[in-house]
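One structure is given below, encoded as structure tokens.
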Amino acid sequence: TVVISPLIALMQDQVAALRANGVAAGALSSAATPEETETLRAELRQGELRLLYMAPERLANPSIGAWLARAGVARLVIDEAHCISQWGHDFRPDYLRLGHLGTALRVPVAAFTATADEATRDDIAERLFPRPPRIFLQSFDRPNLRLAFAPKSAPKQQLLDFVRARRGQSGIVYCATRRKADEAAEQLRAEGVEALSYHAGLDGAVRAERQRQFTRGDGLVMAATVAFGMGVDKPDVRWVVQSGLPKSVEAYYQEIGRAGRDGAPAEALTLYGIDDIRRLRLQIDESPAPADKKRRDHARLQTLLALAESPRCRREVLLGYFGERFQGPCNTCDVCLSPPERFDATRAVQMALSAILRTGERYGVEYLIQVLRGEADDRVGRFGHDRLPTFGVGAEWTKSQWRTMFRQIFALGFARIDAERHNAWAVTPEGRAVLKEGGPVELRVDRAAPRSGKRGRGAAAPPPLLKPQDEPLFAALKSLRTELAREANAPAYVIFPDRTLVEMATRRPASLDALGALHGVGAAKLDRFGAAFLKAIRDN
């Protein structure tokens with residue numbers, strides 16, 4: 001079986017895991033030495049190899065199809081298949097060759113993806129299969145993931161509060177830019193957290209080494225751009241923080257899906273603000289994509305904003321996007337655990353929209369708030385805005401409350417921000433309809449932002465994995481796992497994932513049979529590592 005996979009690090013980790021489970025697998029990539037490549041080709045010729053991993057870029061070689069045909073390929077498997085779709089969140093032109101490869105080899109083709117809406121699924125089927133394929137749609141639900149969104153108030157402090165409460169756990173902080181990834185890692189290290197950054201601006205060897213450190217270590221935090229995306233196959237990532245909004249629900253789900261792959265409790269927190277929304281809308285508008293794709297991308301972003309501002313169960317809204325019915329509450333997301341307060345904001349929204357129009361759609365949010373609160377100064381007086389009917393009509397609300405309302409007005413599409421006019425706010429047709437026809441318009445009440453050093457919303461203590469009496473044994477088992485992983489030159493989770501160690505620590509099996517009944521303990525691993533772990537359980 002030939003498996004097409006988009007990243008070398010992902011292939012290497014999966015091959016290591018397969019070999020640990022007794023499966024003859026190998027990866028043909030640019031990271032392999034000439035000797036390793038020749039050994040792989042020999043195994044292939046002799047029929048010893050069961051799975052061969054390849055990157056899609058290698059298919060640019062016109063002779064590769066004939067070589068695979070001579071090797072006796074029985075089937076073709078395409079991982080991360082959304083990469084072939086122009087509607088997907090990670091389109092890659094190299095994937096376009098894959099449809100021709102399946103036809104040329106005349107073998108069955110299977111394609112897999114964890115995140116694809118209906119348009120992306122249709123595109124995959126059309127581009128990869130000469131005839132309509134059978135489609136197997138599994139649930140998109142990840143019940144072990146606790147979902148949370150939080151408006152940005154003091155984002156650096158919010159991140160610190162969250163990570164401090166989870167010290168010692170492996171986690172990922174996704175950042176919008178390279179600079180922000182470097183800054184986040186530096187900030188965390190200053191607080192005594194073991195953290196690294198990862199982005200496309202780093203040397204390839206540095207990126208490879210940092211990815212190796214993350215996948216093979218325990219408790220390391222990676223602050224990264226989306227360059228650190230599909231290459232992550234570490235099952236014991238306990239949390240993901242998105243320090244800004246991703247561009248779509250698919251991108252959101254793909255990123256948070258890096259957490260809790262072992263099935264144990266994990267968390268996802270997304271911080272967002274007006275700047276994120278403006279940045280993403282600007283990226284769409286300035287992209288060279290055709291108008292139809294821009295419309296779809298704006299619709300996808302609006303769906304994500306609806307999820308962020310939703311007063312309903314996050315899981316219900318998220319799964320509904322993928323066409324799956326879920327009747328909330330899930331009792332694990334932030335909305336279910338702490339339902340947001342809503343209020344009739346029709347009058348306030350109309351005040352804000354009126355202020356935008358009466359000042360000529362030429363000003364930013366802070367100036368608009370100044371006018372609404374009736375705060376006169378030389379600038380306001382010079383422009384005559386202190387004589388407007390809207391001057392001072394919103395004095396009952398604080399600046400912080402107005403910022404919260406303006407963020408939601410923007411998210412709901414009632415106003416837009418014009419980057420070419422110094423981020424001036426303008427009213428959209430939807431906003432004019434609210435002014436003309438009235439409401440009702442409901443907005444959320446944001447909880448007060450915490451003072452520095454105090455735990456903020458979304459930074460609640462993580463769900464417990466263990467009881468206090470089991471923690472010493474769990475620590476001993478992790479230490480043994482690290483030692484065995486170092487000897488095998490493999491990621492720690494290849495020995496056993498966290499979920500398995502938790503079951504060992506809580507159930508304390510006393511025999512190989514009992515150990516073999518635990519999650520993640522197959523025959524090959526039981527034979528290789530069972531005795532060592534049983535001894536650790538007895539000794540602790």
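Chain lettering (A, B, ...) mirrors the order of the structure tokens, residue numbering begins at 1 for each chain separately, and ligand numbering begins at 1 in order of display.
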
List every residue of segment 52-156 of chain A that has an atom at most 10 Å from any atom of segment 299-311 of chain A, and for each one report the closest atom pair and its distance in Å to one decimal, counting only C-alpha atoms, with rows sorted by chain and then by increasing residue number, as a Markdown table.
```
| residue | atom | partner | partner_atom | distance |
| --- | --- | --- | --- | --- |
| A:Ala148 | CA | A:Ala308 | CA | 8.6 |
| A:Phe149 | CA | A:Ala308 | CA | 6.0 |
| A:Ala150 | CA | A:Ala308 | CA | 8.0 |
| A:Pro151 | CA | A:Ala308 | CA | 8.7 |
```

Please list as a ChimeraX atom specification every residue within 12 Å of Glu483 of chain A, counting only C-alpha atoms and excluding residues in the same chain fewer than 2 positions away. /A:216-218,476-481,485-492,495,529,532-533

Given the selection you just returned, output its residues as a file containing N, CA, C and O atoms, formatted as a short mmCIF file (atom, residue, chain, number, x, y, z; two decimals), in the first residue's frame.
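The resulting file, part_35.cif, is reproduced below:
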```
data_model
loop_
_atom_site.label_atom_id
_atom_site.label_comp_id
_atom_site.auth_asym_id
_atom_site.auth_seq_id
_atom_site.Cartn_x
_atom_site.Cartn_y
_atom_site.Cartn_z
N ARG A 216 8.90 13.93 20.97
CA ARG A 216 9.55 12.91 21.80
C ARG A 216 9.67 13.29 23.26
O ARG A 216 10.15 12.51 24.07
N GLY A 217 9.23 14.50 23.59
CA GLY A 217 9.36 14.94 24.96
C GLY A 217 8.05 14.94 25.71
O GLY A 217 6.99 14.66 25.16
N ASP A 218 8.13 15.27 26.99
CA ASP A 218 6.95 15.40 27.85
C ASP A 218 6.89 16.82 28.39
O ASP A 218 7.90 17.35 28.87
N ALA A 476 6.36 7.83 37.69
CA ALA A 476 7.37 6.77 37.51
C ALA A 476 7.22 6.10 36.14
O ALA A 476 8.21 5.79 35.47
N LEU A 477 5.97 5.89 35.73
CA LEU A 477 5.73 5.27 34.43
C LEU A 477 6.17 6.19 33.29
O LEU A 477 6.72 5.73 32.28
N LYS A 478 5.95 7.50 33.44
CA LYS A 478 6.40 8.45 32.42
C LYS A 478 7.92 8.46 32.32
O LYS A 478 8.50 8.57 31.23
N SER A 479 8.58 8.37 33.47
CA SER A 479 10.04 8.35 33.48
C SER A 479 10.57 7.11 32.76
O SER A 479 11.52 7.19 31.97
N LEU A 480 9.96 5.97 33.02
CA LEU A 480 10.35 4.73 32.34
C LEU A 480 10.09 4.85 30.84
O LEU A 480 10.93 4.44 30.02
N ARG A 481 8.95 5.41 30.47
CA ARG A 481 8.63 5.59 29.05
C ARG A 481 9.67 6.46 28.36
O ARG A 481 10.11 6.16 27.24
N ALA A 485 11.98 5.28 25.29
CA ALA A 485 11.88 6.01 24.03
C ALA A 485 13.25 6.50 23.58
O ALA A 485 13.59 6.47 22.39
N ARG A 486 14.07 6.94 24.54
CA ARG A 486 15.42 7.39 24.21
C ARG A 486 16.25 6.23 23.65
O ARG A 486 16.98 6.39 22.67
N GLU A 487 16.12 5.07 24.26
CA GLU A 487 16.86 3.90 23.78
C GLU A 487 16.40 3.49 22.38
O GLU A 487 17.21 3.06 21.55
N ALA A 488 15.11 3.64 22.11
CA ALA A 488 14.56 3.23 20.81
C ALA A 488 14.66 4.34 19.77
O ALA A 488 14.31 4.12 18.60
N ASN A 489 15.13 5.53 20.20
CA ASN A 489 15.19 6.69 19.31
C ASN A 489 13.83 6.94 18.65
O ASN A 489 13.71 7.07 17.44
N ALA A 490 12.79 6.99 19.47
CA ALA A 490 11.41 7.13 18.99
C ALA A 490 10.66 8.08 19.92
O ALA A 490 11.07 8.31 21.06
N PRO A 491 9.56 8.67 19.43
CA PRO A 491 8.75 9.51 20.31
C PRO A 491 8.21 8.72 21.50
O PRO A 491 7.97 7.51 21.40
N ALA A 492 8.01 9.41 22.63
CA ALA A 492 7.57 8.73 23.84
C ALA A 492 6.24 8.01 23.64
O ALA A 492 6.04 6.90 24.14
N ILE A 495 5.99 4.34 22.55
CA ILE A 495 6.06 3.29 23.58
C ILE A 495 4.64 3.05 24.10
O ILE A 495 4.08 1.97 23.93
N PHE A 529 7.60 -4.40 25.96
CA PHE A 529 7.68 -3.50 27.10
C PHE A 529 6.91 -3.96 28.34
O PHE A 529 7.03 -3.35 29.40
N ALA A 532 8.84 -4.65 31.80
CA ALA A 532 9.41 -3.45 32.40
C ALA A 532 8.34 -2.63 33.10
O ALA A 532 8.55 -2.11 34.22
N PHE A 533 7.17 -2.48 32.48
CA PHE A 533 6.12 -1.67 33.09
C PHE A 533 5.47 -2.39 34.27
O PHE A 533 5.09 -1.74 35.26
#
```

What does the distance from atom CA of Ser248 of chain A to atom CA of Leu443 of chain A come to in Å, to one decimal?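 Answer for the atom CA of Ser248 of chain A to atom CA of Leu443 of chain A separation: 22.0 Å.
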
Identify, on the basis of only C-alpha atoms, every residue whose closest approach to segment 254-266 of chain A does not exceed 10 Å; exclude the query and any residue fewer than 2 positions from it along the same chain; express the result as a count of residues only. 54

Between A:Gln370, A:Ile537, A:Glu437, A:Gly244, which has the minimum distance to Pro155 of chain A (counting only C-alpha atoms)? A:Gly244

Go through segment 109-141 of chain A residue by residue and, counting only C-alpha atoms, keep those with an atom at most 9 Å from segment 78-86 of chain A; for each kept residue give the shortest atom pair and its distance in Å to one decimal, ordered by chain and increasing number, as a Markdown table.
```
| residue | atom | partner | partner_atom | distance |
| --- | --- | --- | --- | --- |
| A:Val109 | CA | A:Ile78 | CA | 7.7 |
| A:Ala110 | CA | A:Ile78 | CA | 6.2 |
| A:Ala111 | CA | A:Ile78 | CA | 4.6 |
| A:Phe112 | CA | A:Asp79 | CA | 5.1 |
| A:Thr113 | CA | A:Glu80 | CA | 4.8 |
| A:Ala114 | CA | A:Glu80 | CA | 7.4 |
| A:Thr115 | CA | A:His82 | CA | 7.4 |
| A:Ala116 | CA | A:His82 | CA | 6.5 |
| A:Ala119 | CA | A:Ser85 | CA | 8.9 |
| A:Thr120 | CA | A:Ser85 | CA | 5.9 |
| A:Arg121 | CA | A:His82 | CA | 7.7 |
| A:Asp122 | CA | A:Ser85 | CA | 8.9 |
| A:Asp123 | CA | A:Ser85 | CA | 5.6 |
| A:Ile124 | CA | A:Ser85 | CA | 6.0 |
| A:Arg127 | CA | A:Ile84 | CA | 7.5 |
| A:Leu128 | CA | A:Ile84 | CA | 8.3 |
```

All heavy atoms of the current selection, written as a tab-separated table (two decimals), in the first residue's frame:
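Heads up, here's the output in again.tsv:
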```tsv
chain	number	residue	atom	x	y	z
A	109	VAL	N	-8.39	3.17	-4.70
A	109	VAL	CA	-7.92	4.41	-4.06
A	109	VAL	C	-8.82	4.71	-2.87
A	109	VAL	O	-10.04	4.61	-2.95
A	109	VAL	CB	-7.96	5.59	-5.06
A	109	VAL	CG1	-7.57	6.89	-4.36
A	109	VAL	CG2	-7.05	5.32	-6.25
A	110	ALA	N	-8.18	5.08	-1.76
A	110	ALA	CA	-8.92	5.51	-0.57
A	110	ALA	C	-8.38	6.87	-0.15
A	110	ALA	O	-7.17	7.11	-0.20
A	110	ALA	CB	-8.77	4.52	0.58
A	111	ALA	N	-9.25	7.79	0.23
A	111	ALA	CA	-8.85	9.13	0.65
A	111	ALA	C	-9.44	9.43	2.03
A	111	ALA	O	-10.60	9.10	2.29
A	111	ALA	CB	-9.33	10.17	-0.37
A	112	PHE	N	-8.62	10.04	2.89
A	112	PHE	CA	-9.04	10.31	4.27
A	112	PHE	C	-8.83	11.78	4.62
A	112	PHE	O	-7.84	12.38	4.22
A	112	PHE	CB	-8.24	9.45	5.26
A	112	PHE	CG	-8.49	7.98	5.13
A	112	PHE	CD1	-7.79	7.22	4.21
A	112	PHE	CD2	-9.43	7.35	5.94
A	112	PHE	CE1	-8.02	5.86	4.08
A	112	PHE	CE2	-9.67	6.00	5.83
A	112	PHE	CZ	-8.97	5.24	4.89
A	113	THR	N	-9.75	12.34	5.38
A	113	THR	CA	-9.57	13.68	5.94
A	113	THR	C	-10.41	13.77	7.21
A	113	THR	O	-11.47	13.15	7.31
A	113	THR	CB	-9.98	14.79	4.96
A	113	THR	OG1	-9.84	16.06	5.60
A	113	THR	CG2	-11.42	14.63	4.48
A	114	ALA	N	-9.92	14.57	8.16
A	114	ALA	CA	-10.67	14.73	9.41
A	114	ALA	C	-11.63	15.90	9.36
A	114	ALA	O	-12.56	15.98	10.15
A	114	ALA	CB	-9.68	14.94	10.57
A	115	THR	N	-11.40	16.84	8.43
A	115	THR	CA	-12.22	18.05	8.40
A	115	THR	C	-12.54	18.43	6.96
A	115	THR	O	-11.67	18.89	6.24
A	115	THR	CB	-11.48	19.23	9.06
A	115	THR	OG1	-10.14	19.26	8.55
A	115	THR	CG2	-11.44	19.09	10.55
A	116	ALA	N	-13.78	18.24	6.57
A	116	ALA	CA	-14.21	18.64	5.23
A	116	ALA	C	-15.71	18.86	5.23
A	116	ALA	O	-16.47	17.96	5.58
A	116	ALA	CB	-13.83	17.58	4.21
A	119	ALA	N	-18.91	20.93	0.41
A	119	ALA	CA	-18.26	21.40	-0.82
A	119	ALA	C	-16.89	20.77	-0.99
A	119	ALA	O	-16.50	20.35	-2.09
A	119	ALA	CB	-18.15	22.92	-0.81
A	120	THR	N	-16.13	20.65	0.10
A	120	THR	CA	-14.79	20.05	0.05
A	120	THR	C	-14.88	18.56	-0.26
A	120	THR	O	-14.11	18.03	-1.06
A	120	THR	CB	-14.06	20.27	1.38
A	120	THR	OG1	-14.03	21.68	1.67
A	120	THR	CG2	-12.63	19.75	1.31
A	121	ARG	N	-15.86	17.89	0.33
A	121	ARG	CA	-16.03	16.45	0.08
A	121	ARG	C	-16.37	16.21	-1.40
A	121	ARG	O	-15.84	15.28	-2.02
A	121	ARG	CB	-17.11	15.87	0.99
A	121	ARG	CG	-16.77	15.93	2.47
A	121	ARG	CD	-17.64	15.01	3.30
A	121	ARG	NE	-19.04	15.35	3.33
A	121	ARG	CZ	-19.62	16.12	4.25
A	121	ARG	NH1	-18.88	16.68	5.20
A	121	ARG	NH2	-20.91	16.36	4.22
A	122	ASP	N	-17.23	17.05	-1.95
A	122	ASP	CA	-17.58	16.91	-3.37
A	122	ASP	C	-16.36	17.12	-4.26
A	122	ASP	O	-16.17	16.41	-5.26
A	122	ASP	CB	-18.67	17.93	-3.74
A	122	ASP	CG	-20.02	17.59	-3.12
A	122	ASP	OD1	-20.18	16.44	-2.65
A	122	ASP	OD2	-20.90	18.47	-3.10
A	123	ASP	N	-15.53	18.10	-3.90
A	123	ASP	CA	-14.33	18.39	-4.69
A	123	ASP	C	-13.34	17.23	-4.64
A	123	ASP	O	-12.73	16.86	-5.64
A	123	ASP	CB	-13.68	19.66	-4.16
A	123	ASP	CG	-13.04	20.48	-5.26
A	123	ASP	OD1	-13.34	20.24	-6.44
A	123	ASP	OD2	-12.22	21.38	-4.94
A	124	ILE	N	-13.18	16.63	-3.45
A	124	ILE	CA	-12.30	15.47	-3.30
A	124	ILE	C	-12.76	14.33	-4.21
A	124	ILE	O	-11.98	13.71	-4.94
A	124	ILE	CB	-12.24	15.00	-1.84
A	124	ILE	CG1	-11.54	16.05	-0.97
A	124	ILE	CG2	-11.53	13.65	-1.71
A	124	ILE	CD1	-11.67	15.77	0.53
A	127	ARG	N	-12.08	15.15	-7.98
A	127	ARG	CA	-10.68	15.25	-8.42
A	127	ARG	C	-9.91	13.94	-8.28
A	127	ARG	O	-8.92	13.74	-8.98
A	127	ARG	CB	-9.97	16.34	-7.62
A	127	ARG	CG	-10.43	17.75	-7.94
A	127	ARG	CD	-9.80	18.74	-6.98
A	127	ARG	NE	-10.25	20.11	-7.24
A	127	ARG	CZ	-9.61	20.99	-8.00
A	127	ARG	NH1	-8.50	20.63	-8.62
A	127	ARG	NH2	-10.08	22.21	-8.17
A	128	LEU	N	-10.32	13.07	-7.36
A	128	LEU	CA	-9.54	11.86	-7.09
A	128	LEU	C	-10.10	10.60	-7.71
A	128	LEU	O	-9.38	9.62	-7.88
A	128	LEU	CB	-9.41	11.64	-5.58
A	128	LEU	CG	-8.40	12.52	-4.84
A	128	LEU	CD1	-8.41	12.17	-3.36
A	128	LEU	CD2	-7.00	12.33	-5.41
```

Within 8 Å of segment 208-211 of chain A, counting only C-alpha atoms, which residues show up once you throw out same-chain ones fewer than 3 positions away? Write them as a list in words, please.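 Contacts, in chain order: Ala9, Leu196, Tyr198, Gly204, Ala205, Phe214 and Thr215 of chain A.
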
What does the distance between atom CA of Arg416 of chain A and atom CA of Arg278 of chain A come to in Å, to one decimal place?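 Pair atom CA of Arg416 of chain A / atom CA of Arg278 of chain A returns 8.2 Å.
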
When you draw a straight line from atom CA of Leu98 of chain A to atom CA of Ser30 of chain A, how long is it in Å? 19.2 Å

Which polymer residues have any atom within 9 Å of an atom of Arg358 of chain A, counting only C-alpha atoms, with same-chain residues fewer than 2 positions away left out, as a PyMOL selection string? chain A and resi 353-356+360-361+385+388-390

Quick one: write out the picked residues with N, CA and C atoms as a tab-separated table (two decimals), in the first residue's frame?
```
chain	number	residue	atom	x	y	z
A	353	LEU	N	-24.39	52.48	15.35
A	353	LEU	CA	-24.47	52.61	13.89
A	353	LEU	C	-24.78	54.05	13.49
A	354	SER	N	-25.62	54.71	14.27
A	354	SER	CA	-25.93	56.12	14.00
A	354	SER	C	-24.69	56.98	14.16
A	355	ALA	N	-23.88	56.71	15.18
A	355	ALA	CA	-22.65	57.47	15.40
A	355	ALA	C	-21.68	57.29	14.23
A	356	ILE	N	-21.60	56.07	13.70
A	356	ILE	CA	-20.73	55.81	12.54
A	356	ILE	C	-21.18	56.67	11.35
A	360	GLY	N	-19.68	60.52	9.47
A	360	GLY	CA	-19.21	60.43	8.09
A	360	GLY	C	-18.45	59.16	7.76
A	361	GLU	N	-18.57	58.13	8.59
A	361	GLU	CA	-17.88	56.85	8.34
A	361	GLU	C	-16.38	57.06	8.10
A	385	HIS	N	-18.64	67.49	16.32
A	385	HIS	CA	-19.34	66.27	16.69
A	385	HIS	C	-19.98	66.34	18.08
A	388	LEU	N	-23.75	66.78	17.59
A	388	LEU	CA	-24.53	65.71	16.96
A	388	LEU	C	-25.58	65.16	17.93
A	389	PRO	N	-26.72	64.67	17.42
A	389	PRO	CA	-27.72	64.04	18.30
A	389	PRO	C	-27.17	62.83	19.05
A	390	THR	N	-26.15	62.18	18.49
A	390	THR	CA	-25.61	60.97	19.13
A	390	THR	C	-24.55	61.29	20.18
```

Would you mind listing what lies within 6 Å of segment 23-27 of chain A as an MDAnalysis selection string, with only C-alpha atoms counted and same-chain residues fewer than 6 positions away left out? chainID A and resid 15 49:53

Expected file contents, prior selection, N, CA, C and O atoms, as a PDB file, in the first residue's frame:
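out19.pdb, written as the output of this step:
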```pdb
ATOM      1  N   VAL A  15       5.581   5.970  10.645  1.00  0.00           N
ATOM      2  CA  VAL A  15       6.387   4.777  10.369  1.00  0.00           C
ATOM      3  C   VAL A  15       6.956   4.214  11.666  1.00  0.00           C
ATOM      4  O   VAL A  15       6.949   2.999  11.894  1.00  0.00           O
ATOM      5  N   LEU A  49       7.989  -5.127   2.348  1.00  0.00           N
ATOM      6  CA  LEU A  49       7.364  -3.902   2.833  1.00  0.00           C
ATOM      7  C   LEU A  49       5.846  -3.970   2.663  1.00  0.00           C
ATOM      8  O   LEU A  49       5.361  -4.384   1.617  1.00  0.00           O
ATOM      9  N   ARG A  50       5.110  -3.544   3.695  1.00  0.00           N
ATOM     10  CA  ARG A  50       3.648  -3.547   3.625  1.00  0.00           C
ATOM     11  C   ARG A  50       3.086  -2.159   3.316  1.00  0.00           C
ATOM     12  O   ARG A  50       2.111  -2.030   2.580  1.00  0.00           O
ATOM     13  N   LEU A  51       3.693  -1.124   3.907  1.00  0.00           N
ATOM     14  CA  LEU A  51       3.233   0.247   3.669  1.00  0.00           C
ATOM     15  C   LEU A  51       4.416   1.132   3.285  1.00  0.00           C
ATOM     16  O   LEU A  51       5.434   1.141   3.981  1.00  0.00           O
ATOM     17  N   LEU A  52       4.266   1.862   2.188  1.00  0.00           N
ATOM     18  CA  LEU A  52       5.283   2.804   1.730  1.00  0.00           C
ATOM     19  C   LEU A  52       4.694   4.213   1.764  1.00  0.00           C
ATOM     20  O   LEU A  52       3.722   4.515   1.062  1.00  0.00           O
ATOM     21  N   TYR A  53       5.279   5.095   2.597  1.00  0.00           N
ATOM     22  CA  TYR A  53       4.833   6.481   2.696  1.00  0.00           C
ATOM     23  C   TYR A  53       5.617   7.343   1.715  1.00  0.00           C
ATOM     24  O   TYR A  53       6.834   7.197   1.574  1.00  0.00           O
TER      25      TYR A  53
END
```

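Remark: for Gly273 of chain A, the closest of the candidate residues A:Arg178, A:Arg296, A:Lys152, A:Arg379 is A:Lys152 (distances computed over only C-alpha atoms).
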
From the DSSP assignment of the backbone, select every residue of segment 290-407 of chain A that is helix (DSSP H, G or I), and format the answer as JSON, numbers by chain. {"A": [291, 292, 293, 294, 295, 296, 297, 298, 299, 300, 301, 302, 303, 304, 305, 306, 307, 308, 314, 315, 316, 317, 318, 319, 320, 321, 334, 335, 336, 337, 346, 347, 348, 349, 350, 351, 352, 353, 354, 355, 356, 357, 358, 365, 366, 367, 368, 369, 370, 371, 372, 378, 379, 380, 381, 382, 383, 385, 386, 387, 399, 400, 401, 402, 403, 404, 405, 406, 407]}
